Amino acid sequence: MEYYICIDIGGTNIRAALFPKGEIKPLFQERITTQGENQTAEERLVELIRRIWPQKNNVLAIVAAAPGYIDTQRGVILKAVNIPNWEDLPLKKNLERIFNTQVFLGNDARLAALGEWRYGAARGHHDVLYLTISTGIGGGVIINDQLLMGSQGIATELGHVVIQTGGEVCSCGHRGHLEALASGKSIAEYVRTRIAAGESSNLIGDKTISAKEIFQAAKKGDQLAIDAFKRAGEFLGIGVSNYLHIFNPSCVVLGGGVVQSGDLLMKPFRASLEEHVLDKEYLKKLTITTAQLGDNAGLIGGLVLIDLMIE
């Protein structure tokens, strides 16, 4: 039997799964923390691959999904979000040297877009916009059944589009990006700021507060928590309206933990989208849905990338 190894690299954990060729259900997968005592993140990644490597050594390819900016042409991680010292890292070359098999790299959100397009919520669509809304915001775009990559593979950084000039500072250091206005982190930051300004709430606005806690408070009727999701949804609607004008997809897939808040986010999002879209024609044949593949979207998207690259 022949295999593929798919890896999902995050700032906290690295997951690796062994897939038989032609199947999307892994034989098994393992997870380790990204940072470890006396080991670099790359050393831990190599150790994890060795741990799941099949005895017969018949791995056709390895594909790795990572957060941040990746030059897919050269197989270099230009900068990985939340992984110290991962700048200009030639990960493809390093892994190919160690494991003597071909290696492919991709941005985690764009690989998740591929997974949802072929096996998830966007099946049957040829033009797809995918957004993952969690701590940050990432995305991918498929046009005419092809993943939009750009000249270096760093296109469609959808979370880093300016929505509000002079707005809040984004994780990247710039102001007014969609990520700074509609992500889980931005929802928490908004609540902290309003509580510090004296607004009434049952929440405690310290640095540990999370979007999940704010969601729970909103379900119990806390007005500040409700307003935080409403604000995020409105900005998300502005962002997606811009993307509709540029890409004209037939399907928008929303993934990530923040989307699990349901109508708290989605009702203001849809109202804002209808308000800001250039013409209702963009909405007539548009499917807006939530992601189906969950945490495995990036791993399964890695399989799709391998198929596309090997074809």
# chains A, B, ... in the order shown; residues from 1 in each chain; ligands from 1
$ residues_around --residues "Gly176 of chain A" --least-positions-apart "6" --cutoff "7 Å" --atoms "only C-alpha atoms" --output "list of chain:residue names"
A:Val162, A:Ile163, A:Gln164, A:Thr165, A:Gly166, A:Gly167, A:Glu168, A:Val169, A:Cys170
$ closest_residue --among "A:Asp71, A:Glu189, A:Glu87, A:Asp127" --to "Phe104 of chain A" --atoms "only C-alpha atoms"
A:Asp71
$ select_by_dssp --residues "segment 33-99 of chain A" --states "strand (DSSP E)" --output "NGL selection string"
:A and (33 or 59-66 or 69-71 or 76-79 or 87-89)
$ select_by_dssp --residues "segment 89-242 of chain A" --states "alpha helix (DSSP H)" --output "JSON, numbers by chain"
{"A": [91, 92, 93, 94, 95, 96, 97, 98, 99, 108, 109, 110, 111, 112, 113, 114, 115, 116, 117, 118, 119, 179, 180, 181, 182, 184, 185, 186, 187, 188, 189, 190, 191, 192, 193, 194, 195, 196, 211, 212, 213, 214, 215, 216, 217, 218, 219, 223, 224, 225, 226, 227, 228, 229, 230, 231, 232, 233, 234, 235, 236, 237, 238, 239, 240, 241, 242]}
$ closest_residue --among "A:Ser241, A:Gln146, A:Phe235, A:Asp227" --to "Ser183 of chain A" --atoms "only C-alpha atoms"
A:Phe235
$ closest_residue --among "A:Ile288, A:Leu89, A:Ile83, A:Ile98" --to "Ile62 of chain A" --atoms "only C-alpha atoms"
A:Ile98
$ atom_distance --atom1 "atom CA of Tyr190 of chain A" --atom2 "atom CA of Gly221 of chain A"
17.3 Å
$ residues_around --residues "Phe19 of chain A" --least-positions-apart "6" --cutoff "12 Å" --atoms "only C-alpha atoms" --output "PDB file with C-alpha atoms, in the first residue's frame"
ATOM      1  CA  MET A   1       0.000   0.000   0.000  1.00  0.00           C
ATOM      2  CA  GLU A   2       1.113   3.565  -0.761  1.00  0.00           C
ATOM      3  CA  TYR A   3       0.626   6.506   1.598  1.00  0.00           C
ATOM      4  CA  TYR A   4       0.579  10.278   1.983  1.00  0.00           C
ATOM      5  CA  ILE A   5       1.484  12.130   5.164  1.00  0.00           C
ATOM      6  CA  CYS A   6      -0.413  15.342   5.843  1.00  0.00           C
ATOM      7  CA  ILE A   7       0.651  17.796   8.526  1.00  0.00           C
ATOM      8  CA  LYS A  25      -9.889   8.827   6.184  1.00  0.00           C
ATOM      9  CA  PRO A  26      -6.506   8.544   7.905  1.00  0.00           C
ATOM     10  CA  LEU A  27      -5.215   5.251   9.253  1.00  0.00           C
ATOM     11  CA  PHE A  28      -4.197   7.225  12.321  1.00  0.00           C
ATOM     12  CA  GLN A  29      -3.014  10.644  13.370  1.00  0.00           C
ATOM     13  CA  ILE A  52       3.840   7.890  12.003  1.00  0.00           C
ATOM     14  CA  TRP A  53       6.064   6.778   9.121  1.00  0.00           C
ATOM     15  CA  PRO A  54       4.910   3.350   7.814  1.00  0.00           C
ATOM     16  CA  ASN A  58       6.284   3.752   0.827  1.00  0.00           C
ATOM     17  CA  VAL A  59       5.272   7.380   1.378  1.00  0.00           C
ATOM     18  CA  LEU A  60       4.644   9.056  -1.965  1.00  0.00           C
ATOM     19  CA  ALA A  61       4.572  12.617  -0.619  1.00  0.00           C
ATOM     20  CA  ILE A  62       4.385  14.820   2.464  1.00  0.00           C
ATOM     21  CA  VAL A  63       2.255  17.956   2.527  1.00  0.00           C
ATOM     22  CA  LEU A 299      -5.277  17.817   6.394  1.00  0.00           C
ATOM     23  CA  ILE A 300      -7.830  16.836   3.763  1.00  0.00           C
ATOM     24  CA  GLY A 302      -3.409  18.739   1.783  1.00  0.00           C
ATOM     25  CA  LEU A 303      -4.530  15.582  -0.007  1.00  0.00           C
ATOM     26  CA  ILE A 306      -1.084  16.630  -3.650  1.00  0.00           C
TER      27      ILE A 306
END
$ closest_residue --among "A:Asn248, A:Ser210, A:Gln73, A:Ser261" --to "Gln152 of chain A" --atoms "only C-alpha atoms"
A:Gln73
$ residues_around --residues "Arg51 of chain A" --least-positions-apart "4" --cutoff "12 Å" --atoms "only C-alpha atoms" --output "list in words"
Ile5, Arg15, Ala16, Ala17, Leu18, Phe28, Gln29, Glu30, Arg31, Ile32, Arg44, Leu45, Val46, Glu47 and Gln55 of chain A
$ residues_around --residues "Asp108 of chain A" --least-positions-apart "5" --cutoff "12 Å" --atoms "only C-alpha atoms" --output "CSV table (one decimal) with C-alpha atoms, in the first residue's frame"
chain,number,residue,atom,x,y,z
A,6,CYS,CA,-0.4,15.3,5.8
A,7,ILE,CA,0.7,17.8,8.5
A,8,ASP,CA,-1.2,20.7,10.1
A,9,ILE,CA,1.3,23.1,11.9
A,10,GLY,CA,-0.1,25.5,14.4
A,11,GLY,CA,1.4,27.8,17.0
A,14,ILE,CA,1.3,20.1,15.2
A,63,VAL,CA,2.3,18.0,2.5
A,64,ALA,CA,2.4,20.5,5.3
A,65,ALA,CA,-0.1,23.3,6.1
A,66,ALA,CA,1.3,26.2,8.1
A,67,PRO,CA,0.0,29.6,9.2
A,68,GLY,CA,1.5,32.7,7.7
A,69,TYR,CA,3.2,33.5,4.5
A,70,ILE,CA,4.6,30.7,2.4
A,77,ILE,CA,8.0,29.6,4.9
A,80,ALA,CA,4.9,31.6,10.2
A,81,VAL,CA,2.5,33.1,12.6
A,113,ALA,CA,-10.4,26.0,1.2
A,114,LEU,CA,-9.3,23.1,-1.0
A,115,GLY,CA,-10.7,20.6,1.4
A,130,TYR,CA,-13.5,30.4,2.1
A,131,LEU,CA,-13.0,32.3,5.3
A,132,THR,CA,-11.9,30.9,8.7
A,137,ILE,CA,-8.9,35.5,10.0
A,138,GLY,CA,-7.5,33.6,7.0
A,139,GLY,CA,-9.0,32.6,3.7
A,140,GLY,CA,-8.7,31.0,0.3
A,154,ILE,CA,0.9,34.4,-0.9
A,157,GLU,CA,-4.7,37.2,2.7
A,295,ASP,CA,-10.3,20.5,12.3
A,296,ASN,CA,-9.5,18.1,9.5
A,297,ALA,CA,-10.1,20.6,6.7
A,298,GLY,CA,-6.4,21.5,6.4
A,299,LEU,CA,-5.3,17.8,6.4
A,300,ILE,CA,-7.8,16.8,3.8
A,301,GLY,CA,-7.0,19.9,1.8
A,302,GLY,CA,-3.4,18.7,1.8
A,305,LEU,CA,-3.1,19.8,-3.1
$ residues_around --residues "segment 252-257 of chain A" --least-positions-apart "2" --cutoff "8 Å" --atoms "only C-alpha atoms" --output "JSON, numbers by chain"
{"A": [116, 121, 122, 128, 129, 130, 131, 132, 133, 134, 184, 249, 250, 259, 260, 261, 286, 287, 288, 289, 290, 291, 294]}
$ write_last_selection --atoms "C-alpha atoms" --output "PDB file, in the first residue's frame"
ATOM      1  CA  GLU A 116     -14.091  22.240   1.641  1.00  0.00           C
ATOM      2  CA  ALA A 121     -19.449  22.406   2.130  1.00  0.00           C
ATOM      3  CA  ALA A 122     -18.513  23.736  -1.337  1.00  0.00           C
ATOM      4  CA  VAL A 128     -15.568  29.530  -3.934  1.00  0.00           C
ATOM      5  CA  LEU A 129     -14.652  32.005  -1.200  1.00  0.00           C
ATOM      6  CA  TYR A 130     -13.520  30.411   2.079  1.00  0.00           C
ATOM      7  CA  LEU A 131     -12.956  32.304   5.333  1.00  0.00           C
ATOM      8  CA  THR A 132     -11.857  30.879   8.661  1.00  0.00           C
ATOM      9  CA  ILE A 133     -12.760  33.150  11.565  1.00  0.00           C
ATOM     10  CA  SER A 134     -11.080  32.217  14.815  1.00  0.00           C
ATOM     11  CA  GLY A 184     -12.267  36.181  18.008  1.00  0.00           C
ATOM     12  CA  PRO A 249     -18.079  33.324  -6.111  1.00  0.00           C
ATOM     13  CA  SER A 250     -21.115  31.058  -6.198  1.00  0.00           C
ATOM     14  CA  VAL A 259     -18.796  31.055  13.344  1.00  0.00           C
ATOM     15  CA  GLN A 260     -20.082  28.568  15.937  1.00  0.00           C
ATOM     16  CA  SER A 261     -21.792  31.543  17.610  1.00  0.00           C
ATOM     17  CA  LEU A 286     -24.918  32.805  -3.926  1.00  0.00           C
ATOM     18  CA  THR A 287     -24.756  29.984  -1.378  1.00  0.00           C
ATOM     19  CA  ILE A 288     -23.554  31.044   2.074  1.00  0.00           C
ATOM     20  CA  THR A 289     -22.803  28.082   4.318  1.00  0.00           C
ATOM     21  CA  THR A 290     -20.637  26.923   7.206  1.00  0.00           C
ATOM     22  CA  ALA A 291     -17.648  24.604   6.899  1.00  0.00           C
ATOM     23  CA  GLY A 294     -13.839  20.904  11.051  1.00  0.00           C
TER      24      GLY A 294
END
$ closest_residue --among "A:Val240, A:Ala218, A:Ala197, A:Ala112" --to "Asp263 of chain A" --atoms "only C-alpha atoms"
A:Ala218
$ atom_distance --atom1 "atom CA of Gly233 of chain A" --atom2 "atom CA of Leu181 of chain A"
9.2 Å
